[in-house]
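What follows is a short report on a single structure.
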Amino acid sequence: PRDFQRAMLTALRCARAVVFVKRNLSRVHESPLPFMSLRGARDGLASGEFTAVDLVDAALGRMDDIRPTNAFTQNFGDAAEAAAEASDARRAKSQSLSPFDGIPLAVKDNFCTERGVTTAGSAMLQSFSALYDATVVESLEKQAGMVVVGKTNMDEFGMGSTGNHSRFGVIRTMDGRSPGGSSGGSAVAVMEGAAFAALGSDTGGSVRLPAAKCGIVGYKPTYGLFSRHGLVTYASSLDCPALLTRNVRDIAAIVPHLNVYDTRDPTSINLPSQRERISSECRMIDQNNDIDLSDFRVGIVRESIEDAGEAATSAAASQLAEKGAKISLQSIPHYGISLATYYIIATAEASSNLARYDGLRYGGSKVYEENSFHETLSQCRANDFGDEVKRRILTGTFTLSQEHRAAFFDKATQCRRLIANDFQRVFEEVDALLLPSFAESGIVDSDPVNEYRTDSCTVPASLAGIPAVTVPGSNGPVQILAPLLRDHRALQIATVLSETR
């Protein structure tokens, strides 16, 4: 028996050595596989040009290469390789779960997964193991067959715009820049070829800002289109599962897999005909159909130009005009109060949602057996929450207090309705809106207030619950916003814009 055990251990070491050599050989030869598009990977698998094992090995190799970025909190290497082998076996029998079966996917670490832990970038959840997969993870991994290669680092509980606020270390690009936040790890993973697509969450721009800073595409759907079941909550009325890829058509290809009504999410939209229209239009984008913009009316938000400059939007508007779109200048009168409105509502909801982390049911880096409940609660939250999370909890608690609720939170909810009404009115005049992805005035990230200003261009869409897509532009990244449940319209315009740079 001992000889048998030694033989098995030797075989296991040899197998791991072979995998290590394969990964390093792929890096030596600078394999182009990690940097192709999601749809390119899909087509290559279908034609037999390469296998799922090839794709996963290439992605895991890139994960090793980009360790200095701190983009990942967990590497599912062994499980991912086993899943890739299973995918190739299914494809050999013509039993693939979907055309994306076997393609590497990265998942932000605030989505529950049965495998590994779900930390949300916080010491409070550093040992939390979920008993189920989030709906969006289940849809892509279990139903579509995509391979989750790891979970990505993030600002703690989604609170941050820089990648500086994770309890597992700051996130940086390979050249040392801030990738934005809070989905900075997911953005770096896609940019650097460690995944062909990544799941992120967008509360006030947490996918669109990192996408803009990393030169990729970020998509926030209509609120309620993608299920929030299994997403660690920050601000319930604002949180949206979202996507990051290298081009817009890749986004469109994935949307039908996530555009499903979910009874486990009380905010999930139950409008089958509207959902089917979105999925149908996205399939047409995926099929490389030409997009005619001659009937599209696109508005430039005047207030966003005053806030963030007009270079990026002017260049994008000129490109769309050349493709036949009718461009006009539009006003969102309450745009200027959106940032304050967002931070009052988001911090208030965070204060309420994070009250569950008491060191007993969740969290607790230590057990304080000799202390009372209140002492345990206080010490646990003091030790396990980061500074930014504490700052937002305190702000939210203040705005919800009996003395101040009417002046702050109640007024903010009224302002939110005014902002939503502004968009509703403007969308009677235009089909989509164009604005910058972030404000230059908020680039400096050393001051919390200055960091918040970075979100001034992204929070209006979040408050209104409307879809938004960030794409690289010829003179800087831009956002395309569309009316509620017209996600395909934003993706159509974004496709044309990204392919005419």
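Please note that chains go A, B, ... in the order of the structure tokens, that every chain numbers its residues from 1, and that ligands are numbered from 1 in the order shown.
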Next item on the list: Determine, counting only C-alpha atoms, which protein, DNA and RNA residues have an atom within 7 Å of an atom of Met159 (chain A); residues of the same chain fewer than 4 positions away are not included. Present the result as a list in words.
Entry: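 Here the qualifying residues turn out to be Asp155, Ser182, Glu388 and Val389 of chain A.
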Item checked: Residue contacts of region 69-86 of chain A (6 Å, only C-alpha atoms) excluding same-chain residues fewer than 6 positions away, as a list of chain:residue names ->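 Once the nearby chain positions are removed, what remains is A:Ala52, A:Val53, A:Gly102, A:Val147, A:Val149, A:Gly150, A:Lys151, A:Thr152, A:Asn153, A:Ile171, A:Arg172, A:Thr173, A:Met174, A:Gly185.
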Notebook entry, point to check: Could you name the residues that touch Ser462 (chain A) at 12 Å or less, counting only C-alpha atoms, but leaving out those on the same chain fewer than 4 positions away, as a PyMOL selection string?
Noted result: chain A and resi 201-208+219-224+235-240+338-339+341-343+345-346+416+419-420+423+455-458+466-469+481-482+484
Next item on the list: May I ask which of the residues A:Gln330, A:Thr347, A:Gln287, A:Ser183 is the closest one to Leu209 (chain A), counting only C-alpha atoms?
Entry: A:Ser183
Next item on the list: For Leu491 (chain A), list every protein, DNA or RNA residue within 9 Å, evaluated using only C-alpha atoms, and leave out those in the same chain fewer than 4 positions away; present the list as a list in words.
Entry: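 Final neighbour list, sorted by chain and number: Tyr219, Val248, Arg249, Ile251, Ala252, Cys282, Ile285, Ala468, Val469, Ile480, Asp487, Thr495 and Val496 of chain A.
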Output file for the selection above: N, CA and C atoms, as a PDB file, in the first residue's frame:
```
ATOM      1  N   TYR A 219     -20.831  46.862 -19.809  1.00  0.00           N
ATOM      2  CA  TYR A 219     -22.277  46.977 -20.055  1.00  0.00           C
ATOM      3  C   TYR A 219     -23.059  46.801 -18.764  1.00  0.00           C
ATOM      4  N   VAL A 248     -18.120  44.908 -28.368  1.00  0.00           N
ATOM      5  CA  VAL A 248     -19.549  45.003 -28.073  1.00  0.00           C
ATOM      6  C   VAL A 248     -20.301  43.768 -28.548  1.00  0.00           C
ATOM      7  N   ARG A 249     -19.918  43.228 -29.695  1.00  0.00           N
ATOM      8  CA  ARG A 249     -20.645  42.047 -30.199  1.00  0.00           C
ATOM      9  C   ARG A 249     -20.499  40.860 -29.248  1.00  0.00           C
ATOM     10  N   ILE A 251     -20.536  41.151 -25.993  1.00  0.00           N
ATOM     11  CA  ILE A 251     -21.579  41.418 -25.003  1.00  0.00           C
ATOM     12  C   ILE A 251     -22.922  40.918 -25.516  1.00  0.00           C
ATOM     13  N   ALA A 252     -23.233  41.296 -26.757  1.00  0.00           N
ATOM     14  CA  ALA A 252     -24.520  40.919 -27.348  1.00  0.00           C
ATOM     15  C   ALA A 252     -24.683  39.410 -27.418  1.00  0.00           C
ATOM     16  N   CYS A 282     -30.134  41.194 -29.871  1.00  0.00           N
ATOM     17  CA  CYS A 282     -28.741  40.897 -29.534  1.00  0.00           C
ATOM     18  C   CYS A 282     -28.198  39.769 -30.410  1.00  0.00           C
ATOM     19  N   ILE A 285     -27.097  41.294 -33.608  1.00  0.00           N
ATOM     20  CA  ILE A 285     -25.790  41.960 -33.465  1.00  0.00           C
ATOM     21  C   ILE A 285     -24.677  40.918 -33.488  1.00  0.00           C
ATOM     22  N   ALA A 468     -26.699  51.122 -19.948  1.00  0.00           N
ATOM     23  CA  ALA A 468     -25.578  51.971 -20.360  1.00  0.00           C
ATOM     24  C   ALA A 468     -24.412  51.091 -20.789  1.00  0.00           C
ATOM     25  N   VAL A 469     -23.726  51.510 -21.839  1.00  0.00           N
ATOM     26  CA  VAL A 469     -22.573  50.786 -22.368  1.00  0.00           C
ATOM     27  C   VAL A 469     -21.406  51.752 -22.498  1.00  0.00           C
ATOM     28  N   ILE A 480     -23.012  55.111 -23.954  1.00  0.00           N
ATOM     29  CA  ILE A 480     -24.275  55.212 -24.675  1.00  0.00           C
ATOM     30  C   ILE A 480     -25.370  54.757 -23.736  1.00  0.00           C
ATOM     31  N   ASP A 487     -32.077  47.895 -24.180  1.00  0.00           N
ATOM     32  CA  ASP A 487     -30.648  47.589 -24.082  1.00  0.00           C
ATOM     33  C   ASP A 487     -30.037  47.351 -25.448  1.00  0.00           C
ATOM     34  N   THR A 495     -21.903  49.272 -30.955  1.00  0.00           N
ATOM     35  CA  THR A 495     -21.216  48.430 -31.947  1.00  0.00           C
ATOM     36  C   THR A 495     -20.706  49.262 -33.102  1.00  0.00           C
ATOM     37  N   VAL A 496     -21.563  50.111 -33.638  1.00  0.00           N
ATOM     38  CA  VAL A 496     -21.148  50.964 -34.756  1.00  0.00           C
ATOM     39  C   VAL A 496     -20.004  51.876 -34.327  1.00  0.00           C
TER      40      VAL A 496
END
```
Check: With only C-alpha atoms as the basis for distance, which of A:Thr397, A:Gly465, A:Ala58, A:Glu403 is at the shortest distance from Gln424 (chain A)?
Finding: A:Gly465
Item checked: CA of Ala312 (chain A) to CA of Pro477 (chain A), straight-line distance in Å ->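 CA of Ala312 (chain A) lies at a distance of 6.5 Å from CA of Pro477 (chain A).
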Next item on the list: Have a look at CA of Ser47 (chain A) and CA of Lys142 (chain A) and let me know their distance in Å, one decimal.
Entry: 22.9 Å
Checklist line | Shell around Val232 (chain A) at 8 Å using only C-alpha atoms, local window under 5 positions removed, as number ranges by chain | finding: A: 110-112, 120, 157
Next item on the list: Write out as a list in words which residues come within 12 Å of Leu97 (chain A) when counting only C-alpha atoms, dropping same-chain ones fewer than 5 positions away.
Entry: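 Listing them by chain and then by number gives Ala86, Ser87, Asp88, Ala89, Arg90, Arg91, Gly102, Ile103, Ser139, Leu140, Glu141, Lys142, Gln143, Ala144, Gly145, Met146, Val147 and His257 of chain A.
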What does the file look like for those residues with all heavy atoms, as a short mmCIF file (atom, residue, chain, number, x, y, z; two decimals), in the first residue's frame?
```
data_model
loop_
_atom_site.label_atom_id
_atom_site.label_comp_id
_atom_site.auth_asym_id
_atom_site.auth_seq_id
_atom_site.Cartn_x
_atom_site.Cartn_y
_atom_site.Cartn_z
N ALA A 86 -13.93 18.10 -19.56
CA ALA A 86 -15.32 17.66 -19.69
C ALA A 86 -16.02 18.33 -20.85
O ALA A 86 -16.81 17.70 -21.57
CB ALA A 86 -16.07 17.95 -18.38
N SER A 87 -15.69 19.60 -21.08
CA SER A 87 -16.27 20.33 -22.20
C SER A 87 -15.84 19.72 -23.54
O SER A 87 -16.67 19.54 -24.44
CB SER A 87 -15.85 21.80 -22.14
OG SER A 87 -16.27 22.49 -23.28
N ASP A 88 -14.55 19.42 -23.66
CA ASP A 88 -14.07 18.80 -24.90
C ASP A 88 -14.72 17.44 -25.13
O ASP A 88 -15.03 17.07 -26.27
CB ASP A 88 -12.54 18.65 -24.85
CG ASP A 88 -11.83 19.98 -25.05
OD1 ASP A 88 -12.40 20.88 -25.69
OD2 ASP A 88 -10.69 20.12 -24.55
N ALA A 89 -14.95 16.70 -24.05
CA ALA A 89 -15.61 15.39 -24.18
C ALA A 89 -17.04 15.56 -24.67
O ALA A 89 -17.51 14.79 -25.52
CB ALA A 89 -15.58 14.67 -22.83
N ARG A 90 -17.74 16.58 -24.14
CA ARG A 90 -19.11 16.84 -24.62
C ARG A 90 -19.11 17.24 -26.08
O ARG A 90 -19.95 16.78 -26.86
CB ARG A 90 -19.76 17.94 -23.77
CG ARG A 90 -20.12 17.54 -22.36
CD ARG A 90 -21.03 18.57 -21.72
NE ARG A 90 -20.38 19.86 -21.55
CZ ARG A 90 -19.70 20.23 -20.46
NH1 ARG A 90 -19.57 19.37 -19.45
NH2 ARG A 90 -19.16 21.43 -20.37
N ARG A 91 -18.15 18.08 -26.47
CA ARG A 91 -18.11 18.54 -27.86
C ARG A 91 -17.80 17.38 -28.80
O ARG A 91 -18.35 17.32 -29.92
CB ARG A 91 -17.07 19.65 -27.99
CG ARG A 91 -17.02 20.28 -29.38
CD ARG A 91 -16.23 21.57 -29.41
NE ARG A 91 -17.01 22.68 -28.86
CZ ARG A 91 -16.83 23.20 -27.66
NH1 ARG A 91 -15.88 22.71 -26.86
NH2 ARG A 91 -17.58 24.20 -27.24
N GLY A 102 -16.90 25.67 -22.61
CA GLY A 102 -15.44 25.53 -22.52
C GLY A 102 -14.66 26.81 -22.56
O GLY A 102 -13.43 26.79 -22.46
N ILE A 103 -15.32 27.96 -22.70
CA ILE A 103 -14.62 29.24 -22.81
C ILE A 103 -14.38 29.83 -21.42
O ILE A 103 -15.30 29.89 -20.60
CB ILE A 103 -15.40 30.22 -23.69
CG1 ILE A 103 -15.49 29.68 -25.12
CG2 ILE A 103 -14.75 31.60 -23.68
CD1 ILE A 103 -16.25 30.56 -26.07
N SER A 139 -26.09 30.43 -14.81
CA SER A 139 -26.49 30.51 -16.22
C SER A 139 -25.31 30.33 -17.16
O SER A 139 -25.41 29.65 -18.19
CB SER A 139 -27.16 31.87 -16.49
OG SER A 139 -28.34 32.00 -15.75
N LEU A 140 -24.17 30.94 -16.82
CA LEU A 140 -23.02 30.88 -17.71
C LEU A 140 -22.19 29.62 -17.51
O LEU A 140 -21.66 29.05 -18.48
CB LEU A 140 -22.14 32.12 -17.53
CG LEU A 140 -22.78 33.44 -17.95
CD1 LEU A 140 -21.81 34.60 -17.75
CD2 LEU A 140 -23.24 33.40 -19.40
N GLU A 141 -22.06 29.15 -16.27
CA GLU A 141 -21.21 27.98 -16.01
C GLU A 141 -21.98 26.67 -16.15
O GLU A 141 -21.57 25.78 -16.91
CB GLU A 141 -20.62 28.08 -14.60
CG GLU A 141 -19.66 26.92 -14.29
CD GLU A 141 -19.10 26.99 -12.88
OE1 GLU A 141 -19.76 27.55 -12.00
OE2 GLU A 141 -17.97 26.48 -12.67
N LYS A 142 -23.09 26.53 -15.45
CA LYS A 142 -23.82 25.26 -15.44
C LYS A 142 -24.66 25.06 -16.71
O LYS A 142 -24.78 23.95 -17.22
CB LYS A 142 -24.73 25.20 -14.21
CG LYS A 142 -24.01 25.39 -12.89
CD LYS A 142 -23.31 24.12 -12.45
CE LYS A 142 -22.58 24.31 -11.11
NZ LYS A 142 -23.46 24.64 -9.99
N GLN A 143 -25.26 26.14 -17.21
CA GLN A 143 -26.17 26.01 -18.34
C GLN A 143 -25.50 26.26 -19.69
O GLN A 143 -25.83 25.60 -20.67
CB GLN A 143 -27.36 26.95 -18.16
CG GLN A 143 -28.19 26.62 -16.92
CD GLN A 143 -29.28 27.64 -16.65
OE1 GLN A 143 -29.60 28.48 -17.49
NE2 GLN A 143 -29.84 27.61 -15.44
N ALA A 144 -24.56 27.21 -19.73
CA ALA A 144 -23.87 27.49 -21.00
C ALA A 144 -22.53 26.78 -21.10
O ALA A 144 -21.94 26.71 -22.18
CB ALA A 144 -23.67 29.00 -21.18
N GLY A 145 -22.01 26.26 -19.98
CA GLY A 145 -20.76 25.47 -20.01
C GLY A 145 -19.49 26.27 -19.97
O GLY A 145 -18.40 25.71 -20.14
N MET A 146 -19.56 27.59 -19.71
CA MET A 146 -18.34 28.37 -19.62
C MET A 146 -17.53 27.93 -18.39
O MET A 146 -18.10 27.41 -17.42
CB MET A 146 -18.65 29.86 -19.57
CG MET A 146 -19.30 30.39 -20.84
SD MET A 146 -19.53 32.18 -20.87
CE MET A 146 -17.84 32.74 -21.17
N VAL A 147 -16.23 28.12 -18.43
CA VAL A 147 -15.33 27.63 -17.39
C VAL A 147 -14.87 28.80 -16.53
O VAL A 147 -14.18 29.71 -17.01
CB VAL A 147 -14.11 26.91 -18.00
CG1 VAL A 147 -13.15 26.46 -16.90
CG2 VAL A 147 -14.56 25.72 -18.83
N HIS A 257 -28.15 34.61 -22.74
CA HIS A 257 -27.95 33.59 -21.70
C HIS A 257 -28.28 34.13 -20.30
O HIS A 257 -28.56 33.34 -19.39
CB HIS A 257 -26.51 33.07 -21.73
CG HIS A 257 -26.17 32.32 -22.97
ND1 HIS A 257 -26.47 30.99 -23.15
CD2 HIS A 257 -25.57 32.73 -24.13
CE1 HIS A 257 -26.06 30.59 -24.34
NE2 HIS A 257 -25.51 31.64 -24.96
#
```
Item checked: Sel. of strand (DSSP E or B) residues, region 182-218 of chain A, as a PyMOL selection string -> chain A and resi 197-202+217-218
Checklist line | Selection near Thr135 (chain A), 10 Å with only C-alpha atoms, sequence-local residues under 3 positions removed, as a count of residues only | finding: 21
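The two atoms in question, CA of Met191 (chain A) and CA of Met36 (chain A), are spaced 10.8 Å apart.
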Notebook entry, point to check: From the list A:Thr233, A:Ser129, A:Ser280, A:Ser304, which residue is nearest Val117 (chain A) when using only C-alpha atoms?
Noted result: A:Ser129
